[in-house]
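Content type mmCIF, C-alpha atoms, from the file protein-v7.cif:
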```cif
data_data
loop_
_atom_site.label_atom_id
_atom_site.label_comp_id
_atom_site.auth_asym_id
_atom_site.auth_seq_id
_atom_site.Cartn_x
_atom_site.Cartn_y
_atom_site.Cartn_z
CA MET A 1 -10.05 -65.27 51.91
CA PRO A 2 -12.79 -66.57 49.60
CA ASP A 3 -12.39 -67.10 45.89
CA PRO A 4 -13.12 -64.06 43.67
CA PRO A 5 -16.77 -63.63 42.63
CA ALA A 6 -17.92 -65.69 39.66
CA VAL A 7 -17.79 -63.92 36.29
CA THR A 8 -21.31 -63.24 35.05
CA ARG A 9 -22.63 -61.92 31.75
CA LEU A 10 -23.54 -58.61 33.35
CA PRO A 11 -21.29 -55.68 32.42
CA ILE A 12 -18.82 -54.88 35.20
CA GLU A 13 -20.30 -51.47 35.98
CA VAL A 14 -23.75 -53.02 36.59
CA GLU A 15 -22.57 -56.23 38.23
CA LEU A 16 -20.69 -54.26 40.87
CA LEU A 17 -23.83 -52.49 42.06
CA PHE A 18 -25.52 -55.79 42.88
CA GLU A 19 -22.40 -56.96 44.73
CA LEU A 20 -21.60 -53.77 46.63
CA MET A 21 -25.00 -52.71 47.94
CA PRO A 22 -25.40 -55.73 50.29
CA CYS A 23 -21.68 -56.47 50.69
CA ASN A 24 -21.04 -55.41 54.29
CA ALA A 25 -24.28 -56.95 55.51
CA LEU A 26 -23.38 -60.28 53.90
CA ARG A 27 -19.83 -60.28 55.27
CA THR A 28 -21.10 -59.37 58.74
CA SER A 29 -24.21 -61.52 59.09
CA GLN A 30 -23.48 -64.58 56.94
CA TYR A 31 -19.77 -65.13 57.52
CA ALA A 32 -19.11 -68.72 58.56
CA GLY A 33 -15.65 -68.22 60.02
CA PRO A 34 -14.63 -68.89 63.64
CA GLY A 35 -14.86 -65.21 64.60
CA ALA A 36 -16.23 -61.96 63.30
CA HIS A 37 -15.39 -61.12 59.70
CA PRO A 38 -12.81 -58.28 59.47
CA CYS A 39 -15.36 -56.08 57.68
CA ALA A 40 -17.57 -56.21 60.77
CA TYR A 41 -15.18 -53.55 62.07
CA PHE A 42 -17.23 -50.89 60.28
CA ARG A 43 -20.17 -51.67 62.58
CA SER A 44 -18.10 -50.30 65.47
CA TRP A 45 -18.68 -46.79 64.09
CA GLY A 46 -22.33 -46.96 65.14
CA THR A 47 -25.45 -46.08 63.20
CA TYR A 48 -26.53 -42.95 61.33
CA HIS A 49 -29.78 -41.22 60.46
CA SER A 50 -31.18 -42.67 57.27
CA TYR A 51 -33.80 -41.80 54.70
CA ASP A 52 -35.55 -43.19 51.66
CA TYR A 53 -37.33 -41.58 48.74
CA ASP A 54 -41.12 -41.55 48.86
CA ALA A 55 -41.26 -42.77 45.24
CA ASP A 56 -40.42 -46.41 44.52
CA GLU A 57 -38.72 -45.68 41.19
CA PRO A 58 -35.39 -43.93 40.58
CA PRO A 59 -35.77 -40.13 40.37
CA PRO A 60 -36.67 -38.79 36.92
CA ASP A 61 -33.86 -36.19 36.99
CA PRO A 62 -30.34 -36.00 38.46
CA SER A 63 -31.24 -34.33 41.78
CA ILE A 64 -30.82 -36.44 44.93
CA VAL A 65 -33.00 -33.99 46.94
CA ARG A 66 -36.45 -35.57 46.67
CA PRO A 67 -39.61 -35.96 48.76
CA SER A 68 -38.26 -38.32 51.41
CA HIS A 69 -39.02 -39.96 54.73
CA TYR A 70 -36.98 -40.91 57.77
CA THR A 71 -36.24 -44.62 58.21
CA GLY A 72 -34.36 -44.65 61.52
CA ARG A 73 -30.67 -45.39 61.99
CA MET A 74 -28.45 -47.75 60.04
CA THR A 75 -24.88 -48.59 59.12
CA PRO A 76 -24.04 -46.76 55.86
CA LEU A 77 -24.12 -48.79 52.67
CA PRO A 78 -20.81 -49.52 50.90
CA GLU A 79 -20.06 -46.95 48.22
CA PRO A 80 -19.33 -47.57 44.53
CA LEU A 81 -17.71 -45.09 42.18
CA SER A 82 -19.50 -41.72 42.22
CA GLY A 83 -20.17 -39.98 38.92
CA CYS A 84 -20.11 -40.96 35.26
CA ARG A 85 -18.40 -44.31 34.73
CA LYS A 86 -16.59 -42.86 31.72
CA ALA A 87 -15.38 -39.62 33.31
CA PRO A 88 -11.79 -39.02 32.15
CA ILE A 89 -10.49 -38.04 35.63
CA LEU A 90 -10.78 -40.37 38.63
CA ALA A 91 -9.98 -39.23 42.17
CA VAL A 92 -9.03 -42.10 44.49
CA GLY A 93 -9.19 -42.21 48.28
CA ILE A 94 -8.68 -44.97 50.84
CA ASN A 95 -12.30 -45.22 52.00
CA PRO A 96 -15.40 -43.00 52.12
CA ASN A 97 -15.80 -40.31 54.73
CA LEU A 98 -18.42 -40.52 57.48
CA PRO A 99 -19.54 -36.94 58.22
CA GLY A 100 -22.21 -38.00 60.72
CA TRP A 101 -19.52 -39.10 63.18
CA TRP A 102 -18.55 -35.51 63.95
CA PRO A 103 -20.74 -33.40 66.30
CA GLY A 104 -21.02 -30.58 63.76
CA SER A 105 -22.63 -32.79 61.10
CA ARG A 106 -24.81 -35.25 63.04
CA ASN A 107 -27.73 -34.10 60.88
CA SER A 108 -26.19 -36.00 57.95
CA LEU A 109 -28.40 -38.55 56.22
CA THR A 110 -27.35 -41.89 54.77
CA PRO A 111 -29.46 -43.47 52.00
CA ASP A 112 -31.58 -46.47 53.01
CA PHE A 113 -32.61 -47.61 49.56
CA ASP A 114 -34.01 -51.07 48.94
CA SER A 115 -33.79 -50.53 45.18
CA VAL A 116 -30.50 -51.08 43.36
CA ARG A 117 -31.69 -48.60 40.74
CA GLN A 118 -32.12 -45.84 43.34
CA TYR A 119 -28.71 -46.75 44.79
CA ALA A 120 -27.25 -46.48 41.27
CA HIS A 121 -28.92 -43.12 40.64
CA TYR A 122 -27.69 -41.68 43.96
CA PHE A 123 -24.03 -42.45 43.28
CA ARG A 124 -24.23 -41.51 39.61
CA TYR A 125 -25.50 -38.01 40.44
CA ARG A 126 -24.32 -37.16 43.98
CA GLY A 127 -21.72 -34.69 42.71
CA VAL A 128 -20.28 -32.40 45.38
CA PHE A 129 -23.04 -32.92 47.96
CA LYS A 130 -24.32 -35.43 50.45
CA PRO A 131 -27.83 -35.16 51.95
CA GLU A 132 -28.69 -33.75 55.36
CA LEU A 133 -31.59 -32.57 57.47
CA PRO A 134 -31.91 -28.77 57.74
CA ASP A 135 -30.78 -27.57 61.16
CA GLY A 136 -34.23 -26.47 62.32
CA ALA A 137 -35.89 -29.74 61.39
CA TYR A 138 -33.07 -31.76 62.93
CA GLN A 139 -33.41 -29.96 66.24
CA SER A 140 -37.21 -30.15 66.23
CA PHE A 141 -36.99 -33.93 65.84
CA GLY A 142 -34.74 -34.22 68.90
CA GLY A 143 -31.30 -33.87 67.36
CA GLY A 144 -28.56 -32.07 69.22
CA PRO A 145 -25.53 -32.56 71.47
CA GLY A 146 -26.72 -35.93 72.78
CA ASP A 147 -27.18 -37.42 69.32
CA ASP A 148 -24.35 -39.97 69.30
CA PRO A 149 -23.78 -42.63 66.61
CA LEU A 150 -22.63 -45.09 69.29
CA VAL A 151 -25.81 -44.58 71.33
CA GLY A 152 -27.99 -45.01 68.25
CA LYS A 153 -31.11 -43.18 69.41
CA PRO A 154 -33.42 -42.40 66.46
CA LEU A 155 -35.03 -39.05 65.89
CA THR A 156 -38.67 -38.56 66.86
CA VAL A 157 -40.14 -37.77 63.47
CA PRO A 158 -43.95 -37.82 63.55
CA GLU A 159 -45.86 -40.09 61.20
CA ASP A 160 -48.28 -38.79 58.61
CA ALA A 161 -51.64 -40.34 57.66
CA GLN A 162 -49.86 -42.96 55.54
CA GLY A 163 -47.52 -43.92 58.37
CA ARG A 164 -44.50 -42.24 56.79
CA ARG A 165 -42.18 -39.96 58.70
CA GLU A 166 -41.75 -37.19 56.14
CA ILE A 167 -38.60 -35.06 56.40
CA PRO A 168 -37.07 -32.19 54.46
CA VAL A 169 -33.73 -32.90 52.81
CA ARG A 170 -31.11 -30.46 51.60
CA GLU A 171 -27.64 -30.62 50.07
CA GLN A 172 -24.63 -30.76 52.40
CA PRO A 173 -21.53 -29.51 50.54
CA GLN A 174 -18.48 -31.73 51.00
CA ARG A 175 -15.14 -29.96 51.31
CA MET A 176 -13.19 -32.62 49.45
CA TYR A 177 -15.62 -32.74 46.54
CA LEU A 178 -15.60 -28.94 46.30
CA VAL A 179 -11.80 -29.11 45.99
CA TYR A 180 -12.29 -31.39 42.98
CA GLN A 181 -14.68 -28.86 41.46
CA GLN A 182 -12.19 -26.04 42.03
CA LEU A 183 -9.55 -28.03 40.17
CA LEU A 184 -11.93 -28.51 37.25
CA ASP A 185 -12.76 -24.80 37.28
CA ALA A 186 -9.06 -23.95 37.16
CA LEU A 187 -8.45 -26.40 34.31
CA GLY A 188 -11.48 -25.10 32.43
CA ALA A 189 -10.28 -21.51 32.78
CA GLU A 190 -6.87 -22.47 31.36
CA LEU A 191 -8.62 -24.18 28.45
CA GLY A 192 -10.77 -21.12 27.77
CA LEU A 193 -14.00 -22.81 28.85
CA GLY A 194 -16.82 -21.00 30.58
CA PRO A 195 -17.33 -21.28 34.36
CA GLY A 196 -19.02 -24.52 35.34
CA THR A 197 -18.41 -26.21 31.99
CA LEU A 198 -16.42 -29.00 33.64
CA THR A 199 -18.13 -30.59 36.63
CA VAL A 200 -17.64 -33.21 39.30
CA GLY A 201 -19.70 -36.23 38.31
CA GLU A 202 -19.32 -35.66 34.57
CA ASP A 203 -15.64 -34.87 34.02
CA LEU A 204 -14.36 -36.26 37.33
CA SER A 205 -15.55 -39.31 39.23
CA TYR A 206 -14.34 -40.38 42.65
CA GLY A 207 -13.96 -43.75 44.30
CA ASN A 208 -12.16 -45.56 47.09
CA MET A 209 -9.86 -48.53 47.57
CA VAL A 210 -12.16 -49.77 50.35
CA ALA A 211 -15.91 -49.34 49.89
CA CYS A 212 -17.13 -48.92 53.49
CA ALA A 213 -17.03 -45.63 55.36
CA SER A 214 -15.29 -44.48 58.53
CA ALA A 215 -14.43 -41.08 59.94
CA LYS A 216 -10.75 -42.05 59.92
CA TRP A 217 -8.71 -44.92 58.52
CA THR A 218 -6.50 -45.71 61.49
CA THR A 219 -5.05 -48.42 63.69
CA ARG A 220 -4.23 -45.90 66.41
CA PRO A 221 -6.52 -44.37 69.03
CA ASP A 222 -7.21 -40.67 68.66
CA PRO A 223 -6.35 -38.79 71.89
CA HIS A 224 -8.70 -36.00 70.82
CA ASP A 225 -11.61 -38.39 70.19
CA PRO A 226 -11.42 -41.32 72.65
CA ASP A 227 -14.63 -42.91 71.31
CA LEU A 228 -13.16 -43.24 67.81
CA PRO A 229 -12.66 -46.98 67.14
CA PRO A 230 -9.26 -47.90 65.62
CA MET A 231 -8.80 -51.06 63.59
CA THR A 232 -6.46 -53.82 64.61
CA GLY A 233 -3.70 -54.66 62.16
CA GLY A 234 -5.48 -57.93 61.47
CA GLN A 235 -8.73 -56.16 60.68
CA ARG A 236 -6.98 -53.79 58.29
CA ALA A 237 -5.30 -56.68 56.48
CA GLY A 238 -8.58 -58.57 56.30
CA ILE A 239 -10.59 -55.61 55.03
CA VAL A 240 -8.07 -54.77 52.30
CA GLY A 241 -7.71 -58.43 51.39
CA GLU A 242 -11.47 -58.81 51.03
CA CYS A 243 -12.46 -55.56 49.37
CA PHE A 244 -9.49 -54.49 47.28
CA ARG A 245 -7.69 -57.74 46.51
CA THR A 246 -10.26 -60.53 46.43
CA ARG A 247 -13.36 -58.69 45.24
CA ARG A 248 -11.36 -56.03 43.38
CA HIS A 249 -14.18 -53.52 43.74
CA LEU A 250 -12.12 -50.45 42.87
CA LEU A 251 -9.94 -52.20 40.29
CA ARG A 252 -12.90 -53.46 38.29
CA GLN A 253 -14.49 -50.02 38.33
CA MET A 254 -11.21 -48.38 37.33
CA PHE A 255 -10.55 -50.77 34.43
CA GLN A 256 -14.10 -50.33 33.16
CA SER A 257 -13.76 -46.55 33.42
CA LEU A 258 -10.17 -46.38 32.07
CA PRO A 259 -9.68 -42.74 33.10
CA ALA A 260 -6.91 -40.72 31.48
CA VAL A 261 -5.88 -39.11 34.79
CA ILE A 262 -5.97 -40.52 38.32
CA LEU A 263 -5.77 -38.09 41.26
CA VAL A 264 -4.22 -39.35 44.50
CA LEU A 265 -4.37 -36.75 47.27
CA GLY A 266 -2.64 -37.30 50.61
CA GLN A 267 0.45 -39.23 51.67
CA SER A 268 -1.51 -42.09 53.24
CA THR A 269 -3.51 -42.71 50.07
CA ALA A 270 -0.35 -42.37 47.98
CA ASN A 271 1.37 -45.05 50.08
CA ALA A 272 -1.55 -47.44 49.60
CA PHE A 273 -2.07 -46.73 45.91
CA THR A 274 1.56 -46.96 44.84
CA GLY A 275 2.06 -50.11 46.91
CA GLU A 276 -0.96 -51.92 45.49
CA LEU A 277 -0.47 -50.80 41.88
CA ALA A 278 3.34 -51.01 41.83
CA SER A 279 3.37 -53.65 39.10
CA ARG A 280 1.54 -51.25 36.75
CA LEU A 281 3.30 -47.98 37.57
CA THR A 282 6.17 -46.53 35.58
CA PRO A 283 8.46 -45.53 37.07
CA VAL A 284 7.74 -47.54 40.21
CA PRO A 285 7.86 -45.27 43.28
CA ALA A 286 9.76 -46.68 46.23
CA PRO A 287 7.60 -47.53 49.25
CA GLU A 288 6.53 -44.42 51.14
CA THR A 289 8.04 -42.05 48.59
CA PRO A 290 7.55 -38.50 49.98
CA MET A 291 4.82 -36.41 48.40
CA ALA A 292 7.21 -33.80 47.02
CA GLU A 293 9.09 -36.48 45.10
CA LEU A 294 5.88 -38.05 43.81
CA MET A 295 4.70 -34.68 42.55
CA ALA A 296 7.98 -34.06 40.76
CA THR A 297 7.84 -37.40 38.91
CA GLU A 298 5.74 -38.21 35.85
CA VAL A 299 4.11 -41.44 37.03
CA ARG A 300 1.91 -43.43 34.67
CA LEU A 301 -0.32 -46.39 35.31
CA VAL A 302 -0.24 -48.95 32.48
CA TYR A 303 -3.64 -50.48 31.76
CA GLY A 304 -2.27 -52.75 29.05
CA THR A 305 -2.54 -53.42 25.33
CA LEU A 306 -5.86 -53.83 23.54
CA ASP A 307 -6.51 -56.49 20.92
CA ASP A 308 -6.02 -53.90 18.17
CA GLY A 309 -2.56 -53.02 19.50
CA GLU A 310 -3.46 -49.73 21.21
CA GLU A 311 -1.65 -49.23 24.50
CA LEU A 312 -3.67 -47.61 27.27
CA ASP A 313 -2.29 -45.77 30.27
CA ALA A 314 -3.17 -42.98 32.70
CA ARG A 315 -1.22 -40.16 34.30
CA VAL A 316 -1.21 -40.46 38.09
CA LEU A 317 -1.10 -37.07 39.80
CA PHE A 318 -0.24 -36.66 43.47
CA ALA A 319 -0.74 -33.77 45.90
CA PRO A 320 -1.02 -33.16 49.65
CA HIS A 321 -4.43 -33.69 51.20
CA PRO A 322 -6.51 -30.51 50.73
CA THR A 323 -8.44 -30.68 54.02
CA GLY A 324 -5.83 -32.36 56.19
CA ASN A 325 -2.83 -30.29 55.03
CA PRO A 326 -4.41 -27.16 53.51
CA ASP A 327 -1.24 -25.06 53.58
CA ASP A 328 0.81 -27.73 51.80
CA TYR A 329 -1.99 -28.28 49.31
CA ALA A 330 -2.25 -24.55 48.59
CA GLN A 331 1.44 -24.47 47.72
CA ALA A 332 1.16 -27.58 45.56
CA ARG A 333 -2.07 -26.64 43.77
CA PRO A 334 -0.52 -24.50 40.98
CA LEU A 335 1.69 -27.42 39.95
CA LEU A 336 -1.27 -29.81 40.08
CA VAL A 337 -3.27 -27.54 37.79
CA GLU A 338 -0.29 -27.24 35.44
CA GLN A 339 0.02 -31.04 35.32
CA LEU A 340 -3.66 -31.36 34.45
CA LEU A 341 -3.18 -28.76 31.75
CA HIS A 342 -0.15 -30.68 30.43
CA GLU A 343 -2.35 -33.74 29.95
CA ALA A 344 -4.95 -31.60 28.22
CA ARG A 345 -2.39 -30.06 25.87
CA GLY A 346 -1.16 -33.55 25.09
CA GLY A 347 -4.65 -34.53 23.92
CA ARG A 348 -5.50 -36.84 26.80
CA LEU A 349 -7.99 -34.46 28.43
CA GLY A 350 -9.25 -32.58 25.38
CA GLN A 351 -12.70 -31.08 25.26
CA ASP A 352 -15.23 -32.85 23.08
CA GLU A 353 -17.42 -30.09 21.66
CA ARG A 354 -20.13 -32.59 20.82
CA ILE A 355 -20.86 -33.19 24.50
CA GLY A 356 -19.58 -29.98 26.08
CA HIS A 357 -17.29 -31.93 28.42
CA LEU A 358 -13.91 -33.62 28.35
CA THR A 359 -13.43 -36.51 25.93
CA ARG A 360 -14.67 -39.85 27.26
CA PRO A 361 -12.06 -42.61 27.70
CA ARG A 362 -12.00 -45.66 25.45
CA GLY A 363 -14.64 -48.30 26.18
CA SER A 364 -18.37 -48.83 26.41
CA CYS A 365 -20.77 -48.26 29.28
CA SER A 366 -24.25 -49.57 30.04
CA PHE A 367 -24.66 -48.21 33.57
CA CYS A 368 -27.41 -45.63 33.05
CA PRO A 369 -29.45 -47.35 30.29
CA LEU A 370 -29.32 -50.85 31.73
CA LEU A 371 -30.29 -49.66 35.21
CA ASP A 372 -32.84 -47.25 33.67
CA ILE A 373 -31.70 -44.26 35.71
CA GLY A 374 -31.51 -41.78 32.85
CA PRO A 375 -30.32 -41.35 29.28
CA CYS A 376 -26.60 -41.48 28.59
CA PRO A 377 -25.48 -38.05 27.33
CA TYR A 378 -22.36 -39.65 25.84
CA ALA A 379 -23.91 -42.51 23.90
CA ASP A 380 -22.88 -41.13 20.53
CA VAL A 381 -19.24 -40.54 21.43
CA LEU A 382 -18.23 -43.71 23.30
CA THR A 383 -15.70 -45.90 21.49
CA PRO A 384 -15.98 -49.61 22.36
CA LEU A 385 -12.96 -51.73 23.13
CA PRO A 386 -11.96 -54.06 20.28
CA GLY A 387 -14.51 -56.86 19.98
CA GLY A 388 -16.82 -55.17 22.45
CA GLY A 389 -19.71 -54.40 20.13
CA PRO A 390 -21.85 -51.26 20.32
CA ALA A 391 -21.00 -48.39 22.66
CA LEU A 392 -24.18 -48.84 24.69
CA LEU A 393 -24.72 -52.44 25.66
CA ALA A 394 -28.07 -52.55 27.44
CA ASP A 395 -29.57 -54.80 24.75
CA ALA A 396 -26.43 -56.68 23.76
CA PRO A 397 -25.29 -59.18 26.43
CA ALA A 398 -22.89 -61.03 24.13
CA PRO A 399 -20.84 -57.93 23.16
CA ALA A 400 -20.95 -56.90 26.84
CA ALA A 401 -19.35 -60.20 27.76
CA ALA A 402 -16.63 -59.70 25.13
CA GLU A 403 -15.74 -56.23 26.44
CA LYS A 404 -15.81 -57.54 29.99
CA ARG A 405 -13.30 -60.24 29.13
CA THR A 406 -10.95 -57.54 27.84
CA GLN A 407 -11.37 -55.46 30.99
CA LEU A 408 -10.67 -58.44 33.23
CA ARG A 409 -7.66 -59.41 31.11
CA LEU A 410 -6.22 -55.92 31.48
CA LEU A 411 -6.43 -55.95 35.28
CA ASP A 412 -5.29 -59.54 35.67
CA GLY A 413 -2.32 -60.08 37.95
CA ILE A 414 -2.31 -56.76 39.79
CA THR A 415 -3.28 -58.04 43.22
CA GLU A 416 -1.27 -61.23 42.79
CA ARG A 417 1.94 -59.27 42.20
CA ALA A 418 1.48 -56.84 45.09
CA ALA A 419 3.51 -57.14 48.26
CA PRO A 420 1.73 -58.55 51.34
CA VAL A 421 -1.08 -56.35 52.63
CA THR A 422 0.68 -55.90 55.95
CA ASP A 423 3.68 -54.40 54.15
CA VAL A 424 1.81 -52.22 51.67
CA TRP A 425 -0.59 -50.78 54.23
CA ALA A 426 1.81 -50.41 57.16
CA HIS A 427 1.99 -46.63 56.74
CA THR A 428 -1.52 -45.74 55.62
CA ASP A 429 -3.04 -44.54 58.90
CA ASP A 430 -5.03 -41.38 58.29
CA ARG A 431 -2.80 -38.35 58.71
CA GLU A 432 -5.50 -36.02 57.49
CA ALA A 433 -8.75 -34.68 58.89
#
```
Go ahead and render the structure in this file as structure tokens.
Amino acid sequence: MPDPPAVTRLPIEVELLFELMPCNALRTSQYAGPGAHPCAYFRSWGTYHSYDYDADEPPPDPSIVRPSHYTGRMTPLPEPLSGCRKAPILAVGINPNLPGWWPGSRNSLTPDFDSVRQYAHYFRYRGVFKPELPDGAYQSFGGGPGDDPLVGKPLTVPEDAQGRREIPVREQPQRMYLVYQQLLDALGAELGLGPGTLTVGEDLSYGNMVACASAKWTTRPDPHDPDLPPMTGGQRAGIVGECFRTRRHLLRQMFQSLPAVILVLGQSTANAFTGELASRLTPVPAPETPMAELMATEVRLVYGTLDDGEELDARVLFAPHPTGNPDDYAQARPLLVEQLLHEARGGRLGQDERIGHLTRPRGSCSFCPLLDIGPCPYADVLTPLPGGGPALLADAPAPAAAEKRTQLRLLDGITERAAPVTDVWAHTDDREA
């Protein structure tokens, strides 16, 4: 595997956007190895209907439903963290979902932005939705049963006078993201907050250990879906080695965010997460610890000690997968809500009345102001890391570099201390829908 990316003066949360947006294309098209790069595996999932905003600039408000046009079919872009970079709860999965694979959601749309600022805006504000074509428009453009990602036939969207293929776009609710919102609603109710006070994207962000999407993370064929392309063991090891260990995409986002609570839902994700982060977990779960045992144990992830002596950690909460094992999740949900409430009562998830949301974790953020995608609603309440300078760093590259050094110091050694990828990821095949 290549050396880790060079450390620049850009803040981590901004630097990652410039790395991630072209990442799969670079690995696939410019890899100089003797064979295909392991990440080329994601191309085997085919291509998906794509769209771009009509406007060249990032949207002026948080909505991702804008005047848009169809751009054909493409491989989905790698995904960064979704939501506020300083949300106090982070939900972690193995890799992003690919709704357009399934016949019932072939009208899904994947963003085809050529602007990093639009890409940043989309993932900052996506919330509980992804975009899709309305059913009527999808069918009128030729969509239907024969619309197969592996065939890759584009829709027949007529051009307007400017040569654009204008399309309507609407929100497509995502079951997993709605589960996150339901958890926040339950926590808010216990805290005496009004409905909708806590929201996905502001109080909870979500990200993945691997940035590229697939409909399943598996090395085994699916007898119910023979076209579904499994990975080889070598591809899985190469993908994890590249994305999680060498480039540390999730780790750098997590140590910039420093959430107070990390949600890990599903046994497969739990196996991967506890294996990779074993050197920072206390107590250290044994490999493949059953979900019931993980839920019954107070597991904390140790970020490390700041220069001023403050020790930072996060509670790691586990539960069965809500969409793959809904009955098990339903039984576990009351305990999960109680564990969230325990963290709130302990002061780690307290409401900050100044912002109307949960308290932001320690550390600065320059994501929204530096990328000019909107004002930061938390600018006045962020607390920089020691030596990091002002809370918002868009105009202060030197303090940004100081805070970045602290973040990188805190995450140093995690991947080096992990067991071999083949061991850690041996039992991570997707067990959930």
List every residue of segment 53-154 of chain A that has an atom at most 9 Å from any atom of segment 172-191 of chain A, giving for each one its closest atom pair and the distance in Å to one decimal, counting all atoms listed in the file, sorted by chain and then by ascending residue number, as CSV.
```
residue,atom,partner,partner_atom,distance
A:Ala91,CA,A:Tyr180,CA,8.2
A:Pro99,CA,A:Gln174,CA,9.0
A:Ser108,CA,A:Gln172,CA,7.8
A:Gly127,CA,A:Tyr177,CA,7.5
A:Val128,CA,A:Tyr177,CA,4.8
A:Phe129,CA,A:Pro173,CA,4.5
A:Lys130,CA,A:Gln172,CA,5.1
A:Pro131,CA,A:Gln172,CA,5.5
A:Glu132,CA,A:Gln172,CA,5.8
A:Leu133,CA,A:Gln172,CA,8.8
```
Nearest to Ser105 of chain A by atom-to-atom distance, counting all atoms listed in the file, from A:Gln339, A:Ala55, A:Pro149, A:Ile12: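 The shortest atom-to-atom distance to Ser105 of chain A comes from A:Pro149.
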By how many Å are atom CA of Asn95 of chain A and atom CA of Ser214 of chain A apart?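 Taking atom CA of Asn95 of chain A and atom CA of Ser214 of chain A, their separation equals 7.2 Å.
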When the PyMOL selection byres ((chain A and resi 61) around 10) is applied to the file above, which residues end up in the set, as a list in words? Pro58, Pro59, Pro60, Pro62, Ser63, Ile64, His121, Tyr125, Ile373, Gly374 and Pro375 of chain A
Might you spell out which residues the PyMOL selection byres ((chain A and resi 90) around 8) would select in the displayed file, as a PyMOL selection string? chain A and resi 87-89+91-92+204-207+259+261-263
Just the number, please: distance in Å from atom CA of Leu370 of chain A to atom CA of Leu77 of chain A, one decimal. 21.7 Å
Which residue out of A:Thr218, A:Thr246, A:Ser29, A:Thr199 has the minimum interatomic distance to Ser268 of chain A when all atoms listed in the file are used? A:Thr218
Tyr378 of chain A surroundings by all atoms listed in the file, 9 Å radius, close-in-sequence under 6 positions cut, as a list in words: Lys86, Arg354, Ile355 and Arg360 of chain A
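With only C-alpha atoms as the atoms that count, the residue of A:Lys216, A:His249, A:His69, A:Arg85 with the shortest distance to Ile167 of chain A is A:His69.
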Distance criterion (only C-alpha atoms): nearest to Pro229 of chain A out of A:Ala418, A:Leu20, A:Met209, A:Tyr41: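 Answer, going by the shortest atom-to-atom distance: A:Tyr41.
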Residue among A:Pro11, A:Pro96, A:Gly387, A:Val264 lying closest to Asp308 of chain A, counting all atoms listed in the file: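 Smallest distance to Asp308 of chain A is found for A:Gly387.
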If I take atom CA of Met295 of chain A and atom CA of Asn271 of chain A, how far is one from the other in Å, to one decimal? 13.2 Å
What would segment 326-335 of chain A look like if you wrote it out as a tab-separated table (two decimals), in the first residue's frame, with N, CA, C and O atoms included, from the block I just posted?
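To be explicit, this is the file written out as result12.tsv:
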```tsv
chain	number	residue	atom	x	y	z
A	326	PRO	N	-34.91	-6.34	12.53
A	326	PRO	CA	-35.82	-5.39	13.18
A	326	PRO	C	-36.40	-5.88	14.50
A	326	PRO	O	-36.61	-5.08	15.41
A	327	ASP	N	-36.66	-7.18	14.61
A	327	ASP	CA	-37.23	-7.69	15.87
A	327	ASP	C	-36.21	-7.58	17.00
A	327	ASP	O	-36.55	-7.16	18.12
A	328	ASP	N	-34.96	-7.97	16.72
A	328	ASP	CA	-33.92	-7.86	17.74
A	328	ASP	C	-33.67	-6.41	18.11
A	328	ASP	O	-33.46	-6.08	19.29
A	329	TYR	N	-33.68	-5.54	17.10
A	329	TYR	CA	-33.47	-4.12	17.39
A	329	TYR	C	-34.59	-3.56	18.24
A	329	TYR	O	-34.35	-2.78	19.19
A	330	ALA	N	-35.84	-3.94	17.94
A	330	ALA	CA	-36.98	-3.45	18.72
A	330	ALA	C	-36.84	-3.82	20.19
A	330	ALA	O	-37.17	-3.03	21.08
A	331	GLN	N	-36.35	-5.02	20.45
A	331	GLN	CA	-36.16	-5.44	21.84
A	331	GLN	C	-35.01	-4.69	22.50
A	331	GLN	O	-35.05	-4.42	23.71
A	332	ALA	N	-33.99	-4.35	21.71
A	332	ALA	CA	-32.81	-3.69	22.27
A	332	ALA	C	-32.98	-2.17	22.38
A	332	ALA	O	-32.26	-1.53	23.16
A	333	ARG	N	-33.90	-1.60	21.64
A	333	ARG	CA	-34.02	-0.15	21.55
A	333	ARG	C	-34.23	0.53	22.90
A	333	ARG	O	-33.59	1.57	23.17
A	334	PRO	N	-35.10	0.03	23.79
A	334	PRO	CA	-35.24	0.72	25.09
A	334	PRO	C	-33.94	0.85	25.85
A	334	PRO	O	-33.67	1.89	26.46
A	335	LEU	N	-33.09	-0.19	25.82
A	335	LEU	CA	-31.80	-0.10	26.49
A	335	LEU	C	-30.90	0.91	25.80
A	335	LEU	O	-30.19	1.67	26.47
```
